[in-house]
Structure formats: C-alpha cells, structure tokens
file model.txt (compact mmCIF, C-alpha atoms)
# COMPACT_ATOMS: atom_id res chain seq x y z
CA MET H 206 19.32 -19.42 -36.19
CA THR H 207 16.92 -21.73 -34.42
CA SER H 208 19.61 -23.94 -32.88
CA PRO H 209 20.20 -23.82 -29.12
CA GLN H 210 23.97 -23.32 -29.70
CA PHE H 211 23.34 -20.20 -31.78
CA THR H 212 20.99 -18.80 -29.14
CA GLU H 213 23.49 -19.54 -26.38
CA ALA H 214 26.36 -17.94 -28.33
CA LEU H 215 24.20 -14.88 -29.01
CA ILE H 216 23.30 -14.53 -25.32
CA ASP H 217 26.99 -14.84 -24.36
CA ALA H 218 27.97 -12.21 -26.92
CA LEU H 219 25.27 -9.84 -25.64
CA ALA H 220 26.38 -10.41 -22.04
CA ASP H 221 30.00 -9.61 -23.02
CA GLU H 222 28.92 -6.43 -24.80
CA HIS H 223 26.82 -5.40 -21.81
CA SER H 224 29.81 -5.96 -19.51
CA LYS H 225 32.03 -3.84 -21.78
CA ASN H 226 29.42 -1.08 -21.85
CA VAL H 227 29.16 -1.05 -18.05
CA LYS H 228 32.97 -0.78 -17.76
CA LEU H 229 33.06 2.05 -20.29
CA ALA H 230 30.25 3.88 -18.51
CA ASN H 231 32.16 3.60 -15.22
CA GLN H 232 35.33 4.92 -16.86
CA ILE H 233 33.45 7.83 -18.40
CA GLU H 234 31.88 8.65 -15.04
CA GLU H 235 35.31 8.59 -13.41
CA ILE H 236 37.10 10.80 -15.94
CA SER H 237 34.27 13.24 -16.72
CA PRO H 238 35.11 15.69 -13.89
CA LYS H 239 38.79 15.67 -14.92
CA ALA H 240 37.91 16.17 -18.58
CA HIS H 241 35.60 19.05 -17.67
CA TYR H 242 38.35 20.70 -15.60
CA CYS H 243 40.87 20.29 -18.43
CA GLU H 244 38.44 21.71 -20.95
CA MET H 245 37.75 24.76 -18.78
CA VAL H 246 41.46 25.38 -18.26
CA LEU H 247 42.31 25.02 -21.94
CA LEU H 248 39.44 27.23 -23.05
CA SER H 249 40.57 30.00 -20.75
CA GLY H 250 42.30 32.67 -22.78
CA GLU H 251 44.17 34.13 -19.86
CA ALA H 252 47.92 33.85 -19.47
CA ILE H 253 48.98 33.10 -15.91
CA PRO H 254 52.12 33.72 -13.89
CA THR H 255 54.56 30.92 -13.22
CA SER H 256 53.86 31.16 -9.49
CA ILE H 257 50.34 29.78 -9.97
CA ILE H 258 51.55 26.79 -11.99
CA ALA H 259 54.39 26.24 -9.52
CA LYS H 260 51.90 26.05 -6.64
CA ASP H 261 50.10 23.23 -8.45
CA TYR H 262 53.36 21.28 -8.16
CA GLY H 263 54.06 22.33 -4.57
CA MET H 264 56.96 24.56 -5.61
CA THR H 265 57.87 28.20 -5.45
CA ALA H 266 58.13 30.16 -8.68
CA VAL H 267 61.89 30.35 -8.18
CA SER H 268 62.33 26.57 -7.82
CA PHE H 269 59.89 25.87 -10.67
CA ASN H 270 61.69 28.29 -12.99
CA GLN H 271 64.99 26.63 -12.05
CA LEU H 272 63.53 23.20 -12.82
CA LEU H 273 62.39 24.41 -16.24
CA HIS H 274 65.83 25.90 -16.81
CA ASP H 275 67.51 22.62 -15.80
CA LEU H 276 65.23 20.82 -18.28
CA ARG H 277 66.33 23.27 -21.00
CA ILE H 278 62.83 24.60 -21.50
CA GLN H 279 63.66 28.19 -20.61
CA TYR H 280 66.56 30.48 -19.83
CA LYS H 281 66.92 33.95 -18.44
CA VAL H 282 67.66 37.05 -20.49
CA GLY H 283 68.26 39.95 -18.16
CA GLY H 284 65.55 39.44 -15.60
CA THR H 285 63.08 37.72 -17.92
CA TRP H 286 62.58 34.02 -18.56
CA VAL H 287 62.31 33.12 -22.25
CA LEU H 288 61.84 29.81 -24.00
CA TYR H 289 64.60 27.95 -25.79
CA GLN H 290 64.18 28.10 -29.55
CA ALA H 291 62.70 24.59 -29.73
CA TYR H 292 59.68 25.87 -27.79
CA ALA H 293 59.55 29.49 -28.95
CA GLY H 294 56.76 30.59 -31.24
CA LYS H 295 54.38 27.82 -30.21
CA GLY H 296 52.09 30.02 -28.16
CA TYR H 297 53.33 28.72 -24.81
CA MET H 298 54.22 32.11 -23.35
CA LYS H 299 53.20 35.73 -23.52
CA THR H 300 55.04 38.70 -22.16
CA ARG H 301 53.74 41.83 -20.55
CA THR H 302 55.65 45.06 -20.16
CA PHE H 303 55.22 47.13 -17.04
CA TYR H 304 56.49 50.69 -16.84
CA LYS H 305 57.95 52.14 -13.67
CA LEU H 306 57.55 55.73 -12.59
CA SER H 307 61.28 56.12 -13.20
CA GLY H 308 60.69 55.48 -16.91
CA ASP H 309 62.27 52.04 -16.87
CA SER H 310 60.32 49.01 -17.94
CA ILE H 311 60.11 45.44 -16.69
CA ILE H 312 59.06 42.51 -18.86
CA HIS H 313 57.29 39.58 -17.22
CA SER H 314 56.63 36.23 -18.89
CA TYR H 315 53.31 34.47 -18.45
CA TRP H 316 52.24 30.98 -19.48
CA THR H 317 49.28 30.48 -21.78
CA GLN H 318 46.94 27.56 -21.27
CA ARG H 319 48.65 25.86 -24.20
CA GLY H 320 51.96 26.38 -22.40
CA ARG H 321 50.50 25.04 -19.20
CA GLU H 322 49.43 21.89 -21.03
CA PHE H 323 52.90 21.60 -22.57
CA LEU H 324 54.49 21.87 -19.12
CA TYR H 325 52.12 19.27 -17.72
CA ASN H 326 52.98 16.79 -20.49
CA ALA H 327 56.73 17.48 -20.32
CA LEU H 328 56.84 17.07 -16.53
CA ALA H 329 54.55 14.02 -16.53
CA LEU H 330 57.06 12.24 -18.79
CA LEU H 331 59.56 12.70 -15.96
CA GLY H 332 57.11 11.50 -13.30
CA ILE H 333 56.45 15.01 -11.99
CA PHE H 334 52.74 15.61 -11.39
CA PRO H 335 50.62 18.34 -9.78
CA LEU H 336 49.93 17.74 -6.09
CA HIS H 337 46.23 17.05 -6.60
CA GLU H 338 47.08 14.24 -9.03
CA LEU H 339 49.64 12.77 -6.65
CA GLU H 340 46.92 12.69 -3.99
CA GLU H 341 44.59 10.90 -6.42
CA MET H 342 47.33 8.41 -7.31
CA ALA H 343 48.02 7.75 -3.63
CA LYS H 344 44.31 7.08 -3.03
CA GLU H 345 44.23 4.63 -5.93
CA VAL H 346 47.35 2.83 -4.68
CA ASN H 347 45.92 2.62 -1.15
CA ALA H 348 42.63 1.26 -2.49
CA ALA H 349 44.46 -1.34 -4.58
CA GLN H 350 46.57 -2.36 -1.59
CA ARG H 351 43.46 -2.73 0.57
CA LYS H 352 41.89 -4.94 -2.09
CA THR H 353 44.93 -7.23 -2.35
CA CYS H 354 45.57 -7.35 1.41
CA GLY H 355 41.96 -7.49 2.53
call {"tool": "encode", "arguments": {"input": "model.txt", "output": "structure tokens"}}
result
Amino acid sequence: MTSPQFTEALIDALADEHSKNVKLANQIEEISPKAHYCEMVLLSGEAIPTSIIAKDYGMTAVSFNQLLHDLRIQYKVGGTWVLYQAYAGKGYMKTRTFYKLSGDSIIHSYWTQRGREFLYNALALLGIFPLHELEEMAKEVNAAQRKTCG
C-alpha cells in the first residue's frame, strides 16, 4: 500500500470513476425533463381522443387511425375503432357512450395513458416518432455533424 505504483493505480482508478460519474450526471441532467414528462403523462388517469395523439405525430385522426388499422392494431366495428384481440383487455382503450336527442347512441374510443405508451413503443419500432422527438433528433444530428465537420 505504500508503493508508488499502488498509489498511482489508485489515483488512476479514482480519476476513471470520477469521469464516469460526471458522464452519468450529464446523462441524468439531459434525460430528467423527458423522464418527468413521461411520468406526468403516465400518471394521468384521463383517457384521450385519438386526435390528440395523432397531432403528436403530425397526423390527422383519420390518417392515424388508418395507420393503426394497417398495422393490425385496431379495426372498425360500425363507426367505432376497437382493438384486435391481441391488444384487447390490456387497458389500452376505454369507450364512452354518448346519447343523441333522437335516442340513438354513439360509442367513441379513447386511449388510456397505458395505450398511449403502447402506441409510442409500437410506432418507435417502425421508426415513427412524435414530431417533438424528431426535432430533438434533428438537433442532435446537426450538432454531431457540426462537430465532425468543424
């Protein structure tokens, strides 16, 4: 323990650990706002209409519903979108019934936050991301290009 080699090795090990800790702290600082946003979204108990999720992806509700249909996530029964059996019963959707003055009723499907997370993960596997993430990715690519070209 009193040898200069031991002391030098110990100093190098401490410097490496310090460097790792600084990198981890920077990563935590970078992802904290995203993690906070995700936590707030997932903790929300409200079910939301497809149109709101579609806007996140720069789509209309009609085009988003069609995309989900093409991906065999949902299909239409009458005028209502329902999940294929593989996704049914997992808490991804809720329905609400609205009654018209005529006595008829309309059923609308809404996505839960769990369903929203499922959609995010399913679409991300296909390279489809919300617009705000695409903007972040573009910024990162531009910054990386400036570093390598500059």
call {"tool": "residues_around", "arguments": {"input": "model.txt", "residues": "Val267 of chain H", "least_positions_apart": "6", "cutoff": "9 Å", "atoms": "all atoms listed in the file", "output": "PDB file with C-alpha atoms, in the frame of the given file"}}
result
ATOM      1  CA  THR H 255      54.560  30.920 -13.220  1.00  0.00           C
ATOM      2  CA  SER H 256      53.860  31.160  -9.490  1.00  0.00           C
ATOM      3  CA  ALA H 259      54.390  26.240  -9.520  1.00  0.00           C
TER       4      ALA H 259
END
call {"tool": "axis_aligned_box", "arguments": {"input": "model.txt", "around": "segment 267-284 of chain H", "padding_each_side": "4 Å", "output": "AutoDock Vina command-line options"}}
result
--center_x 64.1 --center_y 30.4 --center_z -14.7 --size_x 16.4 --size_y 27.1 --size_z 21.7
call {"tool": "atom_distance", "arguments": {"input": "model.txt", "atom1": "atom CA of Leu336 of chain H", "atom2": "atom CA of Arg321 of chain H"}}
result
15.0 Å
call {"tool": "atom_distance", "arguments": {"input": "model.txt", "atom1": "atom CA of Pro335 of chain H", "atom2": "atom CA of Gln271 of chain H"}}
result
16.7 Å
call {"tool": "atom_distance", "arguments": {"input": "model.txt", "atom1": "atom CA of Asn226 of chain H", "atom2": "atom CA of Thr212 of chain H"}}
result
20.9 Å
call {"tool": "closest_residue", "arguments": {"input": "model.txt", "among": "H:Glu340, H:Glu251, H:Glu234, H:Glu213", "to": "Met298 of chain H", "atoms": "all atoms listed in the file"}}
result
H:Glu251
call {"tool": "decode", "arguments": {"input": "model.txt", "residues": "segment 233-297 of chain H", "atoms": "C-alpha atoms", "output": "short mmCIF file (atom, residue, chain, number, x, y, z; two decimals), in the first residue's frame"}}
result
data_model
loop_
_atom_site.label_atom_id
_atom_site.label_comp_id
_atom_site.auth_asym_id
_atom_site.auth_seq_id
_atom_site.Cartn_x
_atom_site.Cartn_y
_atom_site.Cartn_z
CA ILE H 233 -29.24 12.31 -15.87
CA GLU H 234 -29.44 16.07 -16.39
CA GLU H 235 -30.26 15.54 -20.06
CA ILE H 236 -32.99 12.95 -19.58
CA SER H 237 -34.58 14.32 -16.39
CA PRO H 238 -37.03 16.65 -18.18
CA LYS H 239 -38.09 13.82 -20.52
CA ALA H 240 -38.50 11.40 -17.63
CA HIS H 241 -40.57 13.96 -15.72
CA TYR H 242 -42.82 14.50 -18.75
CA CYS H 243 -43.27 10.74 -19.22
CA GLU H 244 -44.07 10.27 -15.56
CA MET H 245 -46.70 13.02 -15.64
CA VAL H 246 -48.31 11.56 -18.75
CA LEU H 247 -48.37 8.02 -17.39
CA LEU H 248 -49.74 9.11 -14.03
CA SER H 249 -52.61 10.92 -15.68
CA GLY H 250 -55.75 8.85 -15.35
CA GLU H 251 -57.53 10.52 -18.21
CA ALA H 252 -58.29 8.77 -21.47
CA ILE H 253 -57.70 10.95 -24.50
CA PRO H 254 -59.08 11.03 -28.03
CA THR H 255 -57.04 9.71 -30.92
CA SER H 256 -56.90 13.19 -32.45
CA ILE H 257 -54.62 14.42 -29.66
CA ILE H 258 -52.18 11.53 -30.07
CA ALA H 259 -52.34 11.91 -33.85
CA LYS H 260 -51.32 15.57 -33.57
CA ASP H 261 -48.19 14.50 -31.67
CA TYR H 262 -47.22 12.60 -34.82
CA GLY H 263 -48.25 15.36 -37.22
CA MET H 264 -51.25 13.39 -38.47
CA THR H 265 -54.99 13.75 -38.55
CA ALA H 266 -57.09 11.35 -36.50
CA VAL H 267 -58.31 9.77 -39.74
CA SER H 268 -54.79 9.07 -41.06
CA PHE H 269 -53.57 7.92 -37.64
CA ASN H 270 -56.50 5.52 -37.24
CA GLN H 271 -55.79 4.19 -40.73
CA LEU H 272 -52.12 3.67 -39.83
CA LEU H 273 -53.12 1.73 -36.73
CA HIS H 274 -55.54 -0.30 -38.83
CA ASP H 275 -52.82 -1.03 -41.40
CA LEU H 276 -50.57 -2.18 -38.55
CA ARG H 277 -53.35 -4.52 -37.36
CA ILE H 278 -53.68 -2.78 -34.02
CA GLN H 279 -57.31 -1.79 -34.47
CA TYR H 280 -60.29 -2.26 -36.75
CA LYS H 281 -63.65 -0.63 -37.12
CA VAL H 282 -66.92 -2.10 -35.91
CA GLY H 283 -69.76 0.05 -37.13
CA GLY H 284 -68.40 3.51 -36.54
CA THR H 285 -66.16 2.61 -33.60
CA TRP H 286 -62.50 1.63 -33.59
CA VAL H 287 -61.74 -1.43 -31.44
CA LEU H 288 -58.51 -3.26 -30.74
CA TYR H 289 -57.59 -6.58 -32.29
CA GLN H 290 -57.79 -9.40 -29.77
CA ALA H 291 -54.02 -9.45 -29.20
CA TYR H 292 -54.32 -5.97 -27.66
CA ALA H 293 -57.81 -6.13 -26.15
CA GLY H 294 -58.19 -6.29 -22.40
CA LYS H 295 -54.82 -4.70 -21.67
CA GLY H 296 -56.19 -1.36 -20.58
CA TYR H 297 -55.13 0.46 -23.74
#
